[in-house]
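Heads up, the thing below is written out as structure tokens.
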Amino acid sequence: MEKKEYKPVRRHAGMPGGPHGARGGGEKAKDLVGIWKKLLGYCRKYLVISVIAILCSAIGTVLMLIGPDKLSELTDTITEGIMPPATSIDMDRVVQIGLTLVVFYVMSYLLSAIQGWIMSTVTQRVSKAMRSDISKKINRLPMWFYNQTTTGDVLSRVTNDVDTIGQSLNHSIGSMVSAIILFVGSLVMMLTTNGWMTLTAAVASLLGFVLMFSIMGKSQKYFTRQQKHLGEINGHIEEIYSGHTVVKAYNGEEEAQKVFDEMNRNLCESGFKAQCLSGLMMPIMGFIGNLGYVAVCVVGGAMALNGKISFGVIVAFMMYVRYFTQPLSQIAQAVQSLQSAGAAGERVFEFLEAEEMEEETEKISALLNVKGDVEFEHVRFGYEDSDATIIHDFSAKAVSGQKVAIVGPTGAGKTTLVNLLMRFHEIQGGEIRIDGTPIHRLTRAAVHSLFCMVLQDTWLFEGTVRENLVYNNERADEEKMKEACRAVGLDHFIRTLPQGYDTVLNDQVNLSQGQKQQLTIARAMIANKPMLILDEATSSVDTRTEQQIQTAMDQLMKDRTSFVIAHRLSTIKNADLILVLKDGDIIESGTHEALLERGGFYAELYNSQFEVAM
């Protein structure tokens, strides 16, 4: 599939991840025909069986069209039997025609049912494949992508947009085919029956065509707008829910409600206009159909009185008029649905075609016998959506087994540096090497396998305590798992839970932020990787627990190259090397004692914290 640049909303300074970041894309599908070509191409695996379903729909419709002609013949047979000089009705002929009608209608129903079953199966499988592709795509997107779009918007594409496409494929294509055949077929059958009656029905239905195309032209932009606003409101709700504590703490409920009300109003307005215009089709088509009945009855009655047509022709035309006008509303609704699916398809394919991380098939998949020597050489980096350079010219070397602390003021580039080491972002200049191998020659999975990370922001999923501890490491030893929990002071708490290590962590099990952080530290111990990254790993625990964890962490960092990001400088006194960052550059480096003796920027930071503590 051809890749193209994804252009989601840019989050501006001052609203990272905030509700305003949920603003969506364009107002209108740029290329409805092109989008549907992509959708049909996506479904090419099911092309043969879809054609069979369409043929079933077509044959069933043709059988339905033959019905009025047989019904006309049946009416004429009965009329001839009761009108003088006839003495009796030919019941054999009546039964024969009646049975033929029953067979035709039963076969038409069965073929329509088969078509519906096939299309339902196909659309569900297509929806399943599309959701699966989106899920896989999520893992192939670079980290900067998630800084530019909201979680709710991605979820809306996975759920609402895919469901819209599935429903449209299920109902619209079959309905469109049968409606077109019914419309053209009824016109042909009317022409072969009587030209003047056909002209009467066509003129009466002409108004329906005009109104239908007028409404179709206006409704597309509202369906597209509806899908966009639905993504926006999903993103807002997801963000406000996940950050509800912050919202409450800062009394932001009113502002959040205002933003929601605006988004809800936009969705209501676009949804109302889209559905209102779509809902007009049935009443309009009903009026046109009734007008056609009246016209056919009046003109047909006059022609029958003059002996130009039989009563059977009038009966047949009354059904043909219904078959002629009914497809107009079906076609209009199908087109509306196709337009809505086109808008949803544009969002889905925009996501599926977003720029991915580069392929790594030719790169080294594993680095064996890792010692842990890490070298940064003239590293330069700036975020992909910004022209600003965060890391200007960073050079440093960490020897195997060293504890390297990275300190500096907020915004100095400490976490960014670690993200570059993990290849969460790609550097724009210079080189990072592990044991002499540039990390850009390693696959991302190979780089990630060398590190265990403990971040300031804890991450737990809904599962048992054990599943969270041994995440993606199912072969972990049970005793080592419990030993790690004892080391961080968590074992006693876990044993007090209802099912101990098998307790499911959900909304009913409340863990403090400190306990969550203890659990993630234990997870890192169990992972037992060659190198370790700690980003303010003890920021949410009390002083006593921190001392206990620090002892366990010292044991964990033994014989491992460790990178520690710390704001509390008292926790990194025993570091083998301290790198002091400011504005993306190293301005000082050395041990704690050496940096204090130098009396530079590090000494100022340390003494300021000490003074605050006093």
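In the structure tokens, chains take the letters A, B, ... in the order shown, each chain's residues start at 1, and ligands count up from 1 in the order shown.
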
Inset, instruction - Determine which residues of region 378-548 of chain A receive a DSSP assignment of strand (DSSP E or B), computed from the backbone, and state them as a ChimeraX atom specification. - result: /A:378-381,391-398,403-407,429-434,437-438,442,451-454,464,504,531-535

Inset, instruction - Would you please give, as number ranges by chain, all residues of region 297-475 of chain A that DSSP assigns to helix (DSSP H, G or I) based on the backbone? - result: A: 297-305, 311-352, 414-421, 439-441, 444-448, 465-469

Legend entry - Residues near region 97-113 of chain A, cut-off 12 Å, only C-alpha atoms, skip fewer than 3 positions along chain, as JSON, numbers by chain: {"A": [52, 53, 54, 55, 56, 57, 58, 59, 60, 61, 62, 63, 64, 65, 66, 67, 68, 69, 70, 71, 72, 73, 74, 75, 76, 77, 78, 90, 91, 92, 93, 94, 116, 117, 118, 119, 120, 171, 174, 175, 177, 178]}

Taking C-alpha atoms for each residue, export the selection above as an mmCIF file, in the first residue's frame.
data_model
loop_
_atom_site.group_PDB
_atom_site.id
_atom_site.type_symbol
_atom_site.label_atom_id
_atom_site.label_comp_id
_atom_site.auth_asym_id
_atom_site.auth_seq_id
_atom_site.Cartn_x
_atom_site.Cartn_y
_atom_site.Cartn_z
ATOM 1 C CA ILE A 52 -22.019 -14.132 -6.634
ATOM 2 C CA ALA A 53 -23.955 -12.128 -4.048
ATOM 3 C CA ILE A 54 -24.600 -9.358 -6.573
ATOM 4 C CA LEU A 55 -25.780 -11.926 -9.148
ATOM 5 C CA CYS A 56 -28.153 -13.401 -6.572
ATOM 6 C CA SER A 57 -29.523 -9.940 -5.921
ATOM 7 C CA ALA A 58 -29.860 -9.254 -9.650
ATOM 8 C CA ILE A 59 -31.627 -12.552 -10.461
ATOM 9 C CA GLY A 60 -33.945 -12.138 -7.487
ATOM 10 C CA THR A 61 -34.849 -8.652 -8.680
ATOM 11 C CA VAL A 62 -35.525 -9.891 -12.236
ATOM 12 C CA LEU A 63 -37.839 -12.592 -10.887
ATOM 13 C CA MET A 64 -39.659 -9.918 -8.910
ATOM 14 C CA LEU A 65 -40.037 -7.830 -12.075
ATOM 15 C CA ILE A 66 -41.705 -10.694 -13.928
ATOM 16 C CA GLY A 67 -44.398 -10.791 -11.231
ATOM 17 C CA PRO A 68 -46.532 -7.850 -12.433
ATOM 18 C CA ASP A 69 -46.637 -9.239 -15.985
ATOM 19 C CA LYS A 70 -47.928 -12.563 -14.645
ATOM 20 C CA LEU A 71 -50.325 -10.716 -12.366
ATOM 21 C CA SER A 72 -51.635 -8.799 -15.380
ATOM 22 C CA GLU A 73 -52.151 -12.098 -17.190
ATOM 23 C CA LEU A 74 -53.946 -13.490 -14.141
ATOM 24 C CA THR A 75 -56.225 -10.404 -13.962
ATOM 25 C CA ASP A 76 -57.082 -10.645 -17.665
ATOM 26 C CA THR A 77 -57.866 -14.372 -17.315
ATOM 27 C CA ILE A 78 -60.284 -13.691 -14.458
ATOM 28 C CA ASP A 90 -60.434 -20.883 -16.500
ATOM 29 C CA MET A 91 -59.351 -22.115 -13.052
ATOM 30 C CA ASP A 92 -56.589 -24.323 -14.415
ATOM 31 C CA ARG A 93 -54.995 -21.296 -16.007
ATOM 32 C CA VAL A 94 -55.482 -19.255 -12.819
ATOM 33 C CA GLY A 116 -27.710 -10.797 2.468
ATOM 34 C CA TRP A 117 -25.914 -13.694 4.189
ATOM 35 C CA ILE A 118 -22.932 -13.500 1.835
ATOM 36 C CA MET A 119 -22.565 -9.736 2.151
ATOM 37 C CA SER A 120 -22.873 -9.862 5.948
ATOM 38 C CA HIS A 171 -26.296 -2.696 2.849
ATOM 39 C CA GLY A 174 -26.497 -4.909 -2.716
ATOM 40 C CA SER A 175 -29.253 -2.313 -2.380
ATOM 41 C CA VAL A 177 -27.477 -3.111 -7.555
ATOM 42 C CA SER A 178 -31.004 -4.386 -6.927
#

Inset, instruction - Could you tell me which of A:Arg322, A:His425, A:Arg544, A:Arg433 comes closest to His378 (chain A) if we count only C-alpha atoms? - result: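 Of A:Arg322, A:His425, A:Arg544, A:Arg433, the one nearest His378 (chain A) is A:Arg433, counting only C-alpha atoms.
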
How close does region 126-238 of chain A get to region 334-347 of chain A? List, as a tab-separated table, each residue of region 126-238 of chain A within 12 Å, its nearest atom pair and the distance in Å to one decimal, counting only C-alpha atoms.
residue	atom	partner	partner_atom	distance
A:Ser127	CA	A:Gly345	CA	11.5
A:Met130	CA	A:Gly345	CA	10.5
A:Ile134	CA	A:Arg347	CA	11.4
A:Asp153	CA	A:Arg347	CA	9.9
A:Val154	CA	A:Arg347	CA	9.6
A:Leu155	CA	A:Arg347	CA	11.6
A:Ser156	CA	A:Arg347	CA	9.6
A:Arg157	CA	A:Arg347	CA	6.7
A:Val158	CA	A:Arg347	CA	10.0
A:Thr159	CA	A:Ala344	CA	10.5
A:Asn160	CA	A:Ala344	CA	8.1
A:Asp161	CA	A:Ala344	CA	4.7
A:Val162	CA	A:Ala344	CA	7.1
A:Asp163	CA	A:Ala344	CA	8.9
A:Thr164	CA	A:Ala341	CA	5.7
A:Ile165	CA	A:Ala341	CA	4.8
A:Gly166	CA	A:Ala341	CA	8.2
A:Gln167	CA	A:Ala341	CA	8.3
A:Ser168	CA	A:Ser337	CA	5.6
A:Leu169	CA	A:Leu338	CA	8.1
A:Asn170	CA	A:Ser337	CA	10.4
A:His171	CA	A:Ala334	CA	7.6
A:Ser172	CA	A:Ala334	CA	4.6
A:Ile173	CA	A:Ala334	CA	7.3
A:Gly174	CA	A:Ala334	CA	9.0
A:Ser175	CA	A:Ala334	CA	6.6
A:Met176	CA	A:Ala334	CA	5.9
A:Val177	CA	A:Ala334	CA	9.7
A:Ser178	CA	A:Ala334	CA	10.9
A:Ala179	CA	A:Ala334	CA	9.2
A:Ile180	CA	A:Ala334	CA	10.9
A:Met212	CA	A:Val335	CA	10.1
A:Phe213	CA	A:Val335	CA	10.0
A:Ile215	CA	A:Gln336	CA	9.4
A:Met216	CA	A:Gln336	CA	6.8
A:Gly217	CA	A:Gln336	CA	9.7
A:Lys218	CA	A:Gln336	CA	10.4
A:Ser219	CA	A:Gln336	CA	7.4
A:Gln220	CA	A:Gln339	CA	5.9
A:Lys221	CA	A:Gln339	CA	8.9
A:Tyr222	CA	A:Ser340	CA	8.9
A:Phe223	CA	A:Ser340	CA	5.2
A:Thr224	CA	A:Ala343	CA	4.9
A:Arg225	CA	A:Ala343	CA	8.4
A:Gln226	CA	A:Ser340	CA	8.7
A:Gln227	CA	A:Ala344	CA	6.5
A:Lys228	CA	A:Arg347	CA	8.6
A:His229	CA	A:Ala344	CA	11.7
A:Leu230	CA	A:Ala344	CA	10.7
A:Gly231	CA	A:Arg347	CA	9.8

Atoms to include: N, CA and C atoms. Write the selected residues as a compact mmCIF listing (two decimals), in the first residue's frame.
# COMPACT_ATOMS: atom_id res chain seq x y z
N SER A 127 -14.21 -5.87 7.90
CA SER A 127 -14.08 -5.02 9.09
C SER A 127 -13.04 -5.59 10.05
N MET A 130 -9.64 -4.95 8.60
CA MET A 130 -9.30 -3.52 8.66
C MET A 130 -8.90 -3.14 10.08
N ILE A 134 -5.19 -1.81 11.23
CA ILE A 134 -4.99 -0.58 12.01
C ILE A 134 -4.17 -0.88 13.26
N ASP A 153 -9.02 10.05 18.78
CA ASP A 153 -9.17 10.11 17.34
C ASP A 153 -8.78 8.78 16.70
N VAL A 154 -7.70 8.17 17.19
CA VAL A 154 -7.29 6.86 16.68
C VAL A 154 -8.35 5.82 16.99
N LEU A 155 -8.89 5.85 18.22
CA LEU A 155 -9.94 4.91 18.59
C LEU A 155 -11.18 5.08 17.72
N SER A 156 -11.49 6.32 17.37
CA SER A 156 -12.65 6.57 16.52
C SER A 156 -12.47 5.94 15.14
N ARG A 157 -11.26 5.96 14.64
CA ARG A 157 -10.99 5.33 13.35
C ARG A 157 -11.13 3.82 13.44
N VAL A 158 -10.68 3.24 14.56
CA VAL A 158 -10.75 1.79 14.72
C VAL A 158 -12.19 1.32 14.88
N THR A 159 -13.01 2.11 15.55
CA THR A 159 -14.37 1.67 15.88
C THR A 159 -15.41 2.30 14.95
N ASN A 160 -15.66 3.60 15.13
CA ASN A 160 -16.75 4.24 14.39
C ASN A 160 -16.56 4.19 12.88
N ASP A 161 -15.36 4.55 12.42
CA ASP A 161 -15.15 4.63 10.97
C ASP A 161 -15.18 3.25 10.33
N VAL A 162 -14.58 2.26 10.98
CA VAL A 162 -14.60 0.90 10.42
C VAL A 162 -16.02 0.34 10.42
N ASP A 163 -16.78 0.62 11.48
CA ASP A 163 -18.17 0.16 11.52
C ASP A 163 -19.00 0.82 10.42
N THR A 164 -18.76 2.10 10.18
CA THR A 164 -19.49 2.80 9.12
C THR A 164 -19.19 2.17 7.76
N ILE A 165 -17.94 1.86 7.52
CA ILE A 165 -17.56 1.22 6.26
C ILE A 165 -18.22 -0.15 6.13
N GLY A 166 -18.19 -0.93 7.22
CA GLY A 166 -18.79 -2.27 7.18
C GLY A 166 -20.28 -2.23 6.91
N GLN A 167 -20.98 -1.32 7.59
CA GLN A 167 -22.42 -1.22 7.37
C GLN A 167 -22.74 -0.79 5.94
N SER A 168 -21.93 0.11 5.40
CA SER A 168 -22.17 0.57 4.04
C SER A 168 -21.94 -0.55 3.04
N LEU A 169 -20.85 -1.30 3.22
CA LEU A 169 -20.59 -2.43 2.32
C LEU A 169 -21.70 -3.46 2.41
N ASN A 170 -22.22 -3.66 3.60
CA ASN A 170 -23.23 -4.69 3.81
C ASN A 170 -24.55 -4.33 3.15
N HIS A 171 -24.96 -3.08 3.30
CA HIS A 171 -26.30 -2.70 2.85
C HIS A 171 -26.31 -1.96 1.51
N SER A 172 -25.35 -1.10 1.30
CA SER A 172 -25.44 -0.17 0.18
C SER A 172 -25.21 -0.82 -1.17
N ILE A 173 -24.17 -1.66 -1.28
CA ILE A 173 -23.81 -2.21 -2.59
C ILE A 173 -24.92 -3.10 -3.12
N GLY A 174 -25.40 -4.04 -2.28
CA GLY A 174 -26.50 -4.91 -2.72
C GLY A 174 -27.76 -4.12 -3.02
N SER A 175 -28.06 -3.14 -2.16
CA SER A 175 -29.25 -2.31 -2.38
C SER A 175 -29.13 -1.51 -3.66
N MET A 176 -27.94 -0.99 -3.91
CA MET A 176 -27.71 -0.19 -5.11
C MET A 176 -27.92 -1.03 -6.37
N VAL A 177 -27.36 -2.24 -6.38
CA VAL A 177 -27.48 -3.11 -7.56
C VAL A 177 -28.93 -3.49 -7.80
N SER A 178 -29.61 -3.96 -6.76
CA SER A 178 -31.00 -4.39 -6.93
C SER A 178 -31.89 -3.20 -7.30
N ALA A 179 -31.60 -2.01 -6.73
CA ALA A 179 -32.41 -0.83 -7.04
C ALA A 179 -32.24 -0.41 -8.49
N ILE A 180 -31.01 -0.44 -8.98
CA ILE A 180 -30.77 -0.05 -10.38
C ILE A 180 -31.44 -1.03 -11.34
N MET A 212 -33.93 14.12 -5.58
CA MET A 212 -32.93 13.17 -5.10
C MET A 212 -31.51 13.69 -5.34
N PHE A 213 -31.22 14.12 -6.56
CA PHE A 213 -29.88 14.58 -6.87
C PHE A 213 -29.56 15.90 -6.17
N ILE A 215 -30.63 16.75 -3.12
CA ILE A 215 -30.32 16.40 -1.73
C ILE A 215 -28.97 15.71 -1.64
N MET A 216 -28.68 14.80 -2.58
CA MET A 216 -27.40 14.10 -2.57
C MET A 216 -26.24 15.08 -2.66
N GLY A 217 -26.41 16.13 -3.47
CA GLY A 217 -25.33 17.10 -3.64
C GLY A 217 -25.03 17.88 -2.37
N LYS A 218 -26.04 18.09 -1.53
CA LYS A 218 -25.86 18.90 -0.32
C LYS A 218 -25.45 18.07 0.90
N SER A 219 -25.77 16.78 0.89
CA SER A 219 -25.62 15.99 2.12
C SER A 219 -24.21 15.46 2.35
N GLN A 220 -23.38 15.31 1.30
CA GLN A 220 -22.08 14.70 1.45
C GLN A 220 -21.20 15.41 2.48
N LYS A 221 -21.16 16.75 2.41
CA LYS A 221 -20.29 17.48 3.32
C LYS A 221 -20.71 17.30 4.77
N TYR A 222 -22.01 17.09 5.00
CA TYR A 222 -22.47 16.91 6.38
C TYR A 222 -22.13 15.53 6.92
N PHE A 223 -22.16 14.50 6.06
CA PHE A 223 -21.73 13.18 6.50
C PHE A 223 -20.24 13.18 6.84
N THR A 224 -19.44 13.85 5.99
CA THR A 224 -18.00 13.94 6.26
C THR A 224 -17.74 14.70 7.56
N ARG A 225 -18.47 15.80 7.74
CA ARG A 225 -18.31 16.60 8.95
C ARG A 225 -18.74 15.82 10.19
N GLN A 226 -19.77 15.00 10.05
CA GLN A 226 -20.26 14.19 11.17
C GLN A 226 -19.17 13.23 11.64
N GLN A 227 -18.48 12.54 10.70
CA GLN A 227 -17.41 11.61 11.08
C GLN A 227 -16.27 12.36 11.77
N LYS A 228 -15.93 13.54 11.26
CA LYS A 228 -14.84 14.31 11.86
C LYS A 228 -15.20 14.74 13.27
N HIS A 229 -16.40 15.25 13.47
CA HIS A 229 -16.81 15.72 14.79
C HIS A 229 -16.94 14.56 15.78
N LEU A 230 -17.30 13.37 15.28
CA LEU A 230 -17.37 12.20 16.15
C LEU A 230 -15.98 11.84 16.67
N GLY A 231 -14.97 11.92 15.79
CA GLY A 231 -13.59 11.67 16.23
C GLY A 231 -13.12 12.70 17.24

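Closest approach to Glu358 (chain A) among A:Gln326, A:Thr443, A:Ser132, A:Asn264: A:Thr443, based on only C-alpha atoms.
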
Legend entry - Near-region 565-576 of chain A list (6 Å; only C-alpha atoms; drop same-chain fewer than 3 positions) as an MDAnalysis selection string: chainID A and resid 402:407 535:536 592

Could you write out the selected residues, including N, CA and C atoms, as a PDB file, in the first residue's frame?
ATOM      1  N   GLN A 402      28.966   1.014  34.673  1.00  0.00           N
ATOM      2  CA  GLN A 402      28.914   2.339  35.293  1.00  0.00           C
ATOM      3  C   GLN A 402      27.477   2.771  35.571  1.00  0.00           C
ATOM      4  N   LYS A 403      27.347   3.561  36.622  1.00  0.00           N
ATOM      5  CA  LYS A 403      26.085   4.231  36.904  1.00  0.00           C
ATOM      6  C   LYS A 403      26.237   5.669  36.449  1.00  0.00           C
ATOM      7  N   VAL A 404      25.498   6.015  35.374  1.00  0.00           N
ATOM      8  CA  VAL A 404      25.606   7.344  34.785  1.00  0.00           C
ATOM      9  C   VAL A 404      24.348   8.125  35.139  1.00  0.00           C
ATOM     10  N   ALA A 405      24.537   9.247  35.812  1.00  0.00           N
ATOM     11  CA  ALA A 405      23.400  10.089  36.171  1.00  0.00           C
ATOM     12  C   ALA A 405      23.327  11.258  35.193  1.00  0.00           C
ATOM     13  N   ILE A 406      22.115  11.577  34.780  1.00  0.00           N
ATOM     14  CA  ILE A 406      21.879  12.695  33.875  1.00  0.00           C
ATOM     15  C   ILE A 406      21.022  13.704  34.615  1.00  0.00           C
ATOM     16  N   VAL A 407      21.572  14.893  34.841  1.00  0.00           N
ATOM     17  CA  VAL A 407      20.868  15.900  35.611  1.00  0.00           C
ATOM     18  C   VAL A 407      20.821  17.194  34.814  1.00  0.00           C
ATOM     19  N   ASP A 535      14.088   6.796  35.014  1.00  0.00           N
ATOM     20  CA  ASP A 535      13.677   8.189  34.815  1.00  0.00           C
ATOM     21  C   ASP A 535      12.823   8.604  36.008  1.00  0.00           C
ATOM     22  N   GLU A 536      13.468   9.208  36.999  1.00  0.00           N
ATOM     23  CA  GLU A 536      12.784   9.612  38.223  1.00  0.00           C
ATOM     24  C   GLU A 536      11.984   8.438  38.791  1.00  0.00           C
ATOM     25  N   HIS A 592      30.220  13.237  41.881  1.00  0.00           N
ATOM     26  CA  HIS A 592      29.511  14.187  42.743  1.00  0.00           C
ATOM     27  C   HIS A 592      30.501  15.103  43.465  1.00  0.00           C
TER      28      HIS A 592
END

Legend entry - Separation of CA of Ser186 (chain A) from CA of Val321 (chain A), in Å and rounded to one decimal: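 CA of Val321 (chain A) lies at a distance of 7.9 Å from CA of Ser186 (chain A).
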
Inset, instruction - Would you mind reading off the distance between CA of Thr389 (chain A) and CA of Val418 (chain A), one decimal, in Å? - result: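 Going from CA of Thr389 (chain A) over to CA of Val418 (chain A) covers 15.9 Å.
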
Inset, instruction - Have a look at CA of Gln508 (chain A) and CA of Leu490 (chain A) and let me know their distance in Å, one decimal. - result: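 CA of Gln508 (chain A) sits 18.7 Å away from CA of Leu490 (chain A).
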